[in-house]
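Working notes for the structure below.
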Amino acid sequence: MLELALFYIAASVALFATVLAMTRTNAIHALIYLIVSLLAIAVIFFLIGAPFAAALEIVIYAGAIMVLFVFVIMMLNLGEEGDARERQLLQPHIWLGPAILSLVLLVELLYLISTVEGPASSGSVSPKDVGLALFGPYVIAVEIASMLLLSGLVGSYHLGRRFLDRGL
Amino acid sequence: MQELAVPLNHVLFVSTLLFTIGMLGLMIRRNIIFILMSLEVMLNASALAFIAAGAHWGQADGQVIFLLILSIAAAEVAVGLGLVLQIQKRFKTLDMDDANRMRG
């Protein structure tokens, strides 16, 4: 029973934090809410029996990716006028159309998912199983991920180097 | 233990809701920083669905795909934020409405 209660608490925290993150005008405030949402999702991972994924969610998402966002926002040095402009763009007549359309899709998807039966966790999947699967049948995926990360590294270095050379 | 576990469809509900919030954010925001954040939320929601499915069948495959999604997110954010710096330098704004014209 405790597991289920913890799941609902973590799920509501994640949803509220994400909604707040998407509606902030200040980028740093939105980022902090996004980190709270990621931590709540890590709790959900832990509860449904994926402790390794929970640790990675905190270390890589909340730790590395969000810090990258923080550094870029600090470099951009957005001022008050950016804040005011965002506030002006978040009027109901801007978001009402997309909101209704995605609400329709959401209701359809929720209806389809509600036919699914069974528990999410019948025991936890250990990091050892993940490692064995990763370097056994999925070893080609590891190679593809390494190429993806290399191209990401080269691409971001190329874009960032020109930014630093010519100055701000 | 079995009857106390979290139902699969509830985890999928949360994942769907997060994905929809991310998609809405993607559609209504004009600032490229918020667009990148919405993409992160959407990737994270799909990762949650993968983990839930992997936990449902007790297989490690869901977490393997989660690792791949994680590396995709990292690469995408690195390139995306490099582009943000370039756009800020070139257009002096992060508003995508001011940077929506293609030029060879």
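Naming scheme: A, B, ... for chains in displayed order of the structure tokens; residues 1 onward per chain; ligands 1 onward as shown.
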Inset, instruction - Please determine the contact residues of chain A with respect to chain B at a cut-off of 7 Å, counting only C-alpha atoms, and supply them as a VMD selection string. - result: chain A and resid 1 3 to 4 11 15 19 22 48 to 49 53 65 72 94 to 95 98 to 99 102 106 110 113 to 114 116 to 123 125 129 to 130 133 to 134 145 148 to 149 152 155 to 156 159 to 160 163 168
Inset, instruction - Identify, on the basis of only C-alpha atoms, every residue whose closest approach to Phe52 of chain A does not exceed 10 Å; exclude the query and any residue fewer than 4 positions from it along the same chain; express the result as a PyMOL selection string. - result: (chain A and resi 42+45-46+56-57+124-128+130) or (chain B and resi 63)
Legend entry - Exercise: Thr25 of chain A partners within 12 Å, only C-alpha atoms, chain neighbours under 6 positions left out, as a ChimeraX atom specification: /A:31,78-91 /B:29-31,33-34
If you keep N, CA, C and O atoms, can you produce a file of those selected residues as a compact mmCIF listing (two decimals), in the first residue's frame?
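Result went into selection-v8.txt, see below:
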```txt
# COMPACT_ATOMS: atom_id res chain seq x y z
N LEU A 31 13.88 25.91 -15.05
CA LEU A 31 14.88 24.85 -14.95
C LEU A 31 14.83 24.17 -13.59
O LEU A 31 14.93 22.95 -13.48
N LEU A 78 20.08 36.63 -19.97
CA LEU A 78 18.76 37.17 -20.34
C LEU A 78 18.31 38.16 -19.28
O LEU A 78 18.42 37.91 -18.10
N GLY A 79 17.77 39.27 -19.71
CA GLY A 79 17.39 40.31 -18.76
C GLY A 79 15.91 40.35 -18.48
O GLY A 79 15.17 39.42 -18.77
N GLU A 80 15.47 41.45 -17.91
CA GLU A 80 14.07 41.63 -17.58
C GLU A 80 13.19 41.74 -18.81
O GLU A 80 12.04 41.32 -18.81
N GLU A 81 13.75 42.31 -19.90
CA GLU A 81 12.91 42.51 -21.09
C GLU A 81 12.51 41.18 -21.71
O GLU A 81 11.41 41.04 -22.24
N GLY A 82 13.43 40.17 -21.60
CA GLY A 82 13.08 38.83 -22.07
C GLY A 82 11.92 38.26 -21.27
O GLY A 82 11.00 37.65 -21.81
N ASP A 83 11.95 38.50 -19.96
CA ASP A 83 10.88 38.08 -19.07
C ASP A 83 9.55 38.67 -19.48
O ASP A 83 8.54 37.97 -19.58
N ALA A 84 9.56 39.98 -19.73
CA ALA A 84 8.32 40.68 -20.08
C ALA A 84 7.76 40.15 -21.40
O ALA A 84 6.55 39.95 -21.55
N ARG A 85 8.67 39.89 -22.35
CA ARG A 85 8.24 39.41 -23.65
C ARG A 85 7.59 38.03 -23.54
O ARG A 85 6.55 37.76 -24.15
N GLU A 86 8.20 37.16 -22.71
CA GLU A 86 7.63 35.83 -22.51
C GLU A 86 6.25 35.92 -21.89
O GLU A 86 5.33 35.19 -22.25
N ARG A 87 6.11 36.85 -20.91
CA ARG A 87 4.82 37.00 -20.24
C ARG A 87 3.75 37.42 -21.23
O ARG A 87 2.62 36.96 -21.19
N GLN A 88 4.15 38.28 -22.16
CA GLN A 88 3.21 38.78 -23.16
C GLN A 88 2.80 37.67 -24.12
O GLN A 88 1.68 37.64 -24.62
N LEU A 89 3.73 36.71 -24.36
CA LEU A 89 3.44 35.63 -25.30
C LEU A 89 2.61 34.52 -24.68
O LEU A 89 2.14 33.64 -25.37
N LEU A 90 2.45 34.52 -23.34
CA LEU A 90 1.73 33.43 -22.69
C LEU A 90 0.27 33.80 -22.42
O LEU A 90 -0.25 33.52 -21.36
N GLN A 91 -0.38 34.45 -23.37
CA GLN A 91 -1.79 34.81 -23.21
C GLN A 91 -2.68 33.63 -23.61
O GLN A 91 -2.27 32.81 -24.44
N ARG B 29 5.41 27.74 -26.66
CA ARG B 29 6.53 28.61 -26.31
C ARG B 29 7.25 29.07 -27.56
O ARG B 29 7.32 28.35 -28.55
N ARG B 30 7.82 30.28 -27.52
CA ARG B 30 8.58 30.81 -28.65
C ARG B 30 10.08 30.88 -28.34
O ARG B 30 10.88 31.01 -29.24
N ASN B 31 10.43 30.83 -27.07
CA ASN B 31 11.82 30.92 -26.65
C ASN B 31 12.51 29.57 -26.88
O ASN B 31 12.01 28.53 -26.48
N ILE B 33 15.09 28.21 -25.62
CA ILE B 33 15.47 27.49 -24.40
C ILE B 33 14.31 26.65 -23.89
O ILE B 33 14.47 25.48 -23.53
N PHE B 34 13.08 27.24 -23.93
CA PHE B 34 11.92 26.50 -23.46
C PHE B 34 11.56 25.39 -24.43
O PHE B 34 11.05 24.34 -24.02
```
Legend entry - All alpha helix (DSSP H) positions in chain A, as a ChimeraX atom specification: /A:2-23,27-47,51-56,66-76,80-89,92-113,127-134,139-165
Inset, instruction - Within 8 Å of Val43 of chain A, counting only C-alpha atoms, which residues show up once you throw out same-chain ones fewer than 6 positions away? Write them as a list in words, please. - result: Phe7, Ala10 and Ala54 of chain A
Would you mind exporting the chosen residues as a PDB file, in the first residue's frame, restricted to N, CA, C and O atoms?
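Result file is part.pdb:
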```pdb
ATOM      1  N   PHE A   7       3.960   6.181  -5.054  1.00  0.00           N
ATOM      2  CA  PHE A   7       3.897   6.373  -6.502  1.00  0.00           C
ATOM      3  C   PHE A   7       2.989   7.539  -6.868  1.00  0.00           C
ATOM      4  O   PHE A   7       3.345   8.398  -7.675  1.00  0.00           O
ATOM      5  N   ALA A  10       4.648  10.860  -5.929  1.00  0.00           N
ATOM      6  CA  ALA A  10       5.730  11.212  -6.854  1.00  0.00           C
ATOM      7  C   ALA A  10       5.177  11.618  -8.211  1.00  0.00           C
ATOM      8  O   ALA A  10       5.655  12.570  -8.840  1.00  0.00           O
ATOM      9  N   ALA A  54      16.947   4.807 -12.026  1.00  0.00           N
ATOM     10  CA  ALA A  54      16.706   5.939 -11.128  1.00  0.00           C
ATOM     11  C   ALA A  54      18.001   6.691 -10.854  1.00  0.00           C
ATOM     12  O   ALA A  54      18.046   7.932 -10.900  1.00  0.00           O
TER      13      ALA A  54
END
```
Inset, instruction - Just give me the gap between atom CA of Leu47 of chain A and atom CA of Leu6 of chain A in Å, one decimal is fine. - result: 8.0 Å
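Atom CA of Leu43 of chain B to atom CA of Gly63 of chain A spans 16.4 Å [interatomic distance, one decimal].
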Inset, instruction - Report the distance between atom CA of Asp97 of chain B and atom CA of Leu103 of chain A in Å, rounded to one decimal place. - result: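 Pair atom CA of Asp97 of chain B / atom CA of Leu103 of chain A returns 24.9 Å.
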